[in-house]
Amino acid sequence: MATPIRPLPAGPRARRLPSPQTIVIGLGVLLAVNLLIFAGQTGGKGQENPGPPLPADIETLVPSPGAVIRPQEDVGADLKDTFTGALFIDDRRIPQDQTKIIPGLGQVSFRPGPDKEISALRPGSHHATIIYWPQEKGDEDGAKAAGAVKSYTWQFTAG
């Protein structure tokens, strides 16, 4: 036998409010979602100094502009694979025989050490300059003669 359907009571229903614990949990979840969205949008950009964008021929700089590094860490640039270059640190040219150059990858770097132009970076602010040119232009003198030499300077700190 079927159960008879009871009619709903007439008039407005009393509405039950959420408990304070449910409200606090909901606000916490909302705050966490907003923080995740903010972190995703800023994604590690907070440590680098905002500055002009890198030229298209430079893929990355080591250290990144504004970074704090140890006194014997690498300094250099990863250029497009068809470029090569030379480094200056604090206006001192790093000799080619002390510079690590990987032509197939366009990488030019220098690591301070004993018997090198710079044995260790002194604590404080420094600037590095990469001058670079297309590998097909030959050495730096040939590239200068062809008007193909470009440069970029950035700042970092040794700690």
# chains A, B, ... in the order shown; residues from 1 in each chain; ligands from 1

$ residues_around --residues "A:His126" --least-positions-apart "5" --cutoff "9 Å" --atoms "only C-alpha atoms" --output "PyMOL selection string"
chain A and resi 89-90+121+154-158

$ atom_distance --atom1 "atom CA of A:Gln135" --atom2 "atom CA of A:Ala67"
29.1 Å

$ closest_atom_pairs --of "stretch 109-144 of chain A" --to "stretch 51-62 of chain A" --cutoff "10 Å" --atoms "only C-alpha atoms" --output "Markdown table"
| residue | atom | partner | partner_atom | distance |
| --- | --- | --- | --- | --- |
| A:Ser109 | CA | A:Val62 | CA | 8.1 |
| A:Phe110 | CA | A:Val62 | CA | 9.8 |
| A:Ala128 | CA | A:Val62 | CA | 9.6 |
| A:Ile130 | CA | A:Leu61 | CA | 9.3 |
| A:Tyr132 | CA | A:Asp57 | CA | 8.8 |
| A:Trp133 | CA | A:Asp57 | CA | 9.3 |
| A:Pro134 | CA | A:Asp57 | CA | 9.5 |

$ atom_distance --atom1 "atom CA of A:Ala120" --atom2 "atom CA of A:Gln98"
13.7 Å

$ residues_around --residues "A:Val149" --least-positions-apart "3" --cutoff "12 Å" --atoms "only C-alpha atoms" --output "short mmCIF file (atom, residue, chain, number, x, y, z; two decimals) with all heavy atoms, in the first residue's frame"
data_model
loop_
_atom_site.label_atom_id
_atom_site.label_comp_id
_atom_site.auth_asym_id
_atom_site.auth_seq_id
_atom_site.Cartn_x
_atom_site.Cartn_y
_atom_site.Cartn_z
N ASP A 57 68.21 38.83 -28.38
CA ASP A 57 69.36 37.93 -28.59
C ASP A 57 69.89 37.34 -27.29
O ASP A 57 70.75 36.46 -27.32
CB ASP A 57 70.49 38.69 -29.29
CG ASP A 57 70.06 39.24 -30.63
OD1 ASP A 57 69.23 38.59 -31.30
OD2 ASP A 57 70.54 40.32 -31.01
N PHE A 83 75.02 33.25 -31.45
CA PHE A 83 75.82 34.39 -30.99
C PHE A 83 76.97 33.93 -30.09
O PHE A 83 76.93 32.85 -29.51
CB PHE A 83 74.95 35.38 -30.21
CG PHE A 83 74.09 36.23 -31.10
CD1 PHE A 83 72.90 35.74 -31.61
CD2 PHE A 83 74.47 37.51 -31.43
CE1 PHE A 83 72.11 36.51 -32.44
CE2 PHE A 83 73.68 38.30 -32.26
CZ PHE A 83 72.50 37.79 -32.77
N THR A 84 77.97 34.76 -29.97
CA THR A 84 79.06 34.58 -29.03
C THR A 84 79.36 35.95 -28.44
O THR A 84 78.77 36.95 -28.86
CB THR A 84 80.31 33.97 -29.69
OG1 THR A 84 81.25 33.61 -28.66
CG2 THR A 84 80.95 34.91 -30.69
N GLY A 85 80.27 36.01 -27.46
CA GLY A 85 80.51 37.31 -26.86
C GLY A 85 81.70 37.35 -25.93
O GLY A 85 82.49 36.40 -25.86
N ALA A 86 81.80 38.47 -25.22
CA ALA A 86 82.87 38.70 -24.26
C ALA A 86 82.26 39.38 -23.04
O ALA A 86 81.26 40.09 -23.15
CB ALA A 86 83.95 39.59 -24.87
N ILE A 130 77.82 42.23 -21.14
CA ILE A 130 78.11 41.23 -22.18
C ILE A 130 78.10 42.00 -23.50
O ILE A 130 77.16 42.73 -23.79
CB ILE A 130 77.07 40.07 -22.18
CG1 ILE A 130 77.36 39.07 -23.28
CG2 ILE A 130 75.64 40.56 -22.30
CD1 ILE A 130 78.47 38.13 -23.01
N ILE A 131 79.19 41.90 -24.25
CA ILE A 131 79.15 42.39 -25.62
C ILE A 131 79.04 41.14 -26.49
O ILE A 131 79.67 40.13 -26.20
CB ILE A 131 80.36 43.28 -25.99
CG1 ILE A 131 81.66 42.53 -25.89
CG2 ILE A 131 80.39 44.52 -25.13
CD1 ILE A 131 82.83 43.29 -26.52
N TYR A 132 78.22 41.20 -27.49
CA TYR A 132 77.95 39.98 -28.27
C TYR A 132 77.74 40.31 -29.73
O TYR A 132 77.44 41.44 -30.10
CB TYR A 132 76.75 39.23 -27.67
CG TYR A 132 75.48 40.04 -27.62
CD1 TYR A 132 74.51 39.90 -28.60
CD2 TYR A 132 75.23 40.93 -26.57
CE1 TYR A 132 73.34 40.63 -28.55
CE2 TYR A 132 74.06 41.66 -26.51
CZ TYR A 132 73.12 41.51 -27.51
OH TYR A 132 71.96 42.23 -27.46
N TRP A 133 77.95 39.27 -30.55
CA TRP A 133 77.85 39.42 -31.99
C TRP A 133 77.54 38.06 -32.61
O TRP A 133 77.76 37.01 -31.99
CB TRP A 133 79.15 39.98 -32.57
CG TRP A 133 80.36 39.13 -32.27
CD1 TRP A 133 80.88 38.13 -33.03
CD2 TRP A 133 81.18 39.20 -31.11
NE1 TRP A 133 81.96 37.57 -32.42
CE2 TRP A 133 82.18 38.21 -31.24
CE3 TRP A 133 81.19 39.99 -29.95
CZ2 TRP A 133 83.15 37.98 -30.26
CZ3 TRP A 133 82.16 39.77 -28.99
CH2 TRP A 133 83.14 38.78 -29.16
N PRO A 134 77.02 38.03 -33.84
CA PRO A 134 76.74 36.76 -34.52
C PRO A 134 78.05 36.00 -34.77
O PRO A 134 79.06 36.58 -35.17
CB PRO A 134 76.10 37.18 -35.84
CG PRO A 134 75.61 38.57 -35.62
CD PRO A 134 76.55 39.18 -34.63
N GLN A 135 78.04 34.70 -34.53
CA GLN A 135 79.23 33.88 -34.71
C GLN A 135 79.73 33.92 -36.15
O GLN A 135 80.93 33.86 -36.40
CB GLN A 135 78.95 32.43 -34.29
CG GLN A 135 78.75 32.27 -32.81
CD GLN A 135 78.42 30.85 -32.41
OE1 GLN A 135 78.76 29.90 -33.11
NE2 GLN A 135 77.74 30.69 -31.28
N LYS A 137 80.07 36.33 -38.01
CA LYS A 137 80.88 37.52 -38.26
C LYS A 137 82.32 37.33 -37.82
O LYS A 137 83.13 38.24 -37.95
CB LYS A 137 80.29 38.74 -37.54
CG LYS A 137 78.90 39.11 -37.98
CD LYS A 137 78.88 39.61 -39.40
CE LYS A 137 77.47 40.03 -39.79
NZ LYS A 137 77.32 40.31 -41.18
N GLY A 138 82.64 36.17 -37.28
CA GLY A 138 84.02 35.89 -36.87
C GLY A 138 84.31 36.40 -35.47
O GLY A 138 83.45 36.40 -34.60
N ASP A 139 85.53 36.89 -35.27
CA ASP A 139 85.92 37.37 -33.95
C ASP A 139 85.35 38.76 -33.69
O ASP A 139 84.67 39.35 -34.53
CB ASP A 139 87.45 37.35 -33.80
CG ASP A 139 88.14 38.30 -34.77
OD1 ASP A 139 87.46 39.06 -35.49
OD2 ASP A 139 89.38 38.27 -34.82
N GLU A 140 85.64 39.29 -32.52
CA GLU A 140 85.09 40.58 -32.12
C GLU A 140 85.50 41.70 -33.08
O GLU A 140 84.68 42.54 -33.43
CB GLU A 140 85.55 40.91 -30.70
CG GLU A 140 85.01 42.20 -30.16
CD GLU A 140 85.51 42.50 -28.77
OE1 GLU A 140 86.15 41.64 -28.14
OE2 GLU A 140 85.27 43.63 -28.31
N ASP A 141 86.75 41.69 -33.51
CA ASP A 141 87.21 42.75 -34.42
C ASP A 141 86.46 42.70 -35.75
O ASP A 141 86.07 43.73 -36.29
CB ASP A 141 88.72 42.63 -34.66
CG ASP A 141 89.51 42.94 -33.39
OD1 ASP A 141 89.02 43.72 -32.55
OD2 ASP A 141 90.61 42.39 -33.24
N GLY A 142 86.26 41.49 -36.28
CA GLY A 142 85.50 41.35 -37.52
C GLY A 142 84.07 41.79 -37.35
O GLY A 142 83.48 42.43 -38.23
N ALA A 143 83.47 41.47 -36.19
CA ALA A 143 82.09 41.87 -35.94
C ALA A 143 81.98 43.39 -35.78
O ALA A 143 81.03 44.00 -36.25
CB ALA A 143 81.57 41.16 -34.69
N LYS A 144 83.00 44.00 -35.14
CA LYS A 144 82.98 45.47 -34.99
C LYS A 144 83.07 46.13 -36.36
O LYS A 144 82.37 47.10 -36.64
CB LYS A 144 84.15 45.92 -34.11
CG LYS A 144 83.89 45.77 -32.64
CD LYS A 144 85.07 46.30 -31.83
CE LYS A 144 84.84 46.08 -30.36
NZ LYS A 144 85.99 46.48 -29.55
N ALA A 145 83.94 45.60 -37.21
CA ALA A 145 84.09 46.16 -38.55
C ALA A 145 82.78 46.06 -39.33
O ALA A 145 82.47 46.94 -40.14
CB ALA A 145 85.21 45.44 -39.30
N ALA A 146 82.00 45.00 -39.07
CA ALA A 146 80.73 44.83 -39.77
C ALA A 146 79.59 45.58 -39.07
O ALA A 146 78.45 45.54 -39.52
CB ALA A 146 80.40 43.34 -39.86
N TYR A 152 74.94 44.67 -23.46
CA TYR A 152 73.90 44.78 -22.44
C TYR A 152 74.59 44.77 -21.08
O TYR A 152 75.49 43.97 -20.84
CB TYR A 152 72.90 43.63 -22.53
CG TYR A 152 71.72 43.79 -21.61
CD1 TYR A 152 70.63 44.57 -21.96
CD2 TYR A 152 71.71 43.18 -20.35
CE1 TYR A 152 69.54 44.73 -21.11
CE2 TYR A 152 70.62 43.34 -19.49
CZ TYR A 152 69.57 44.12 -19.87
OH TYR A 152 68.49 44.28 -19.03
#
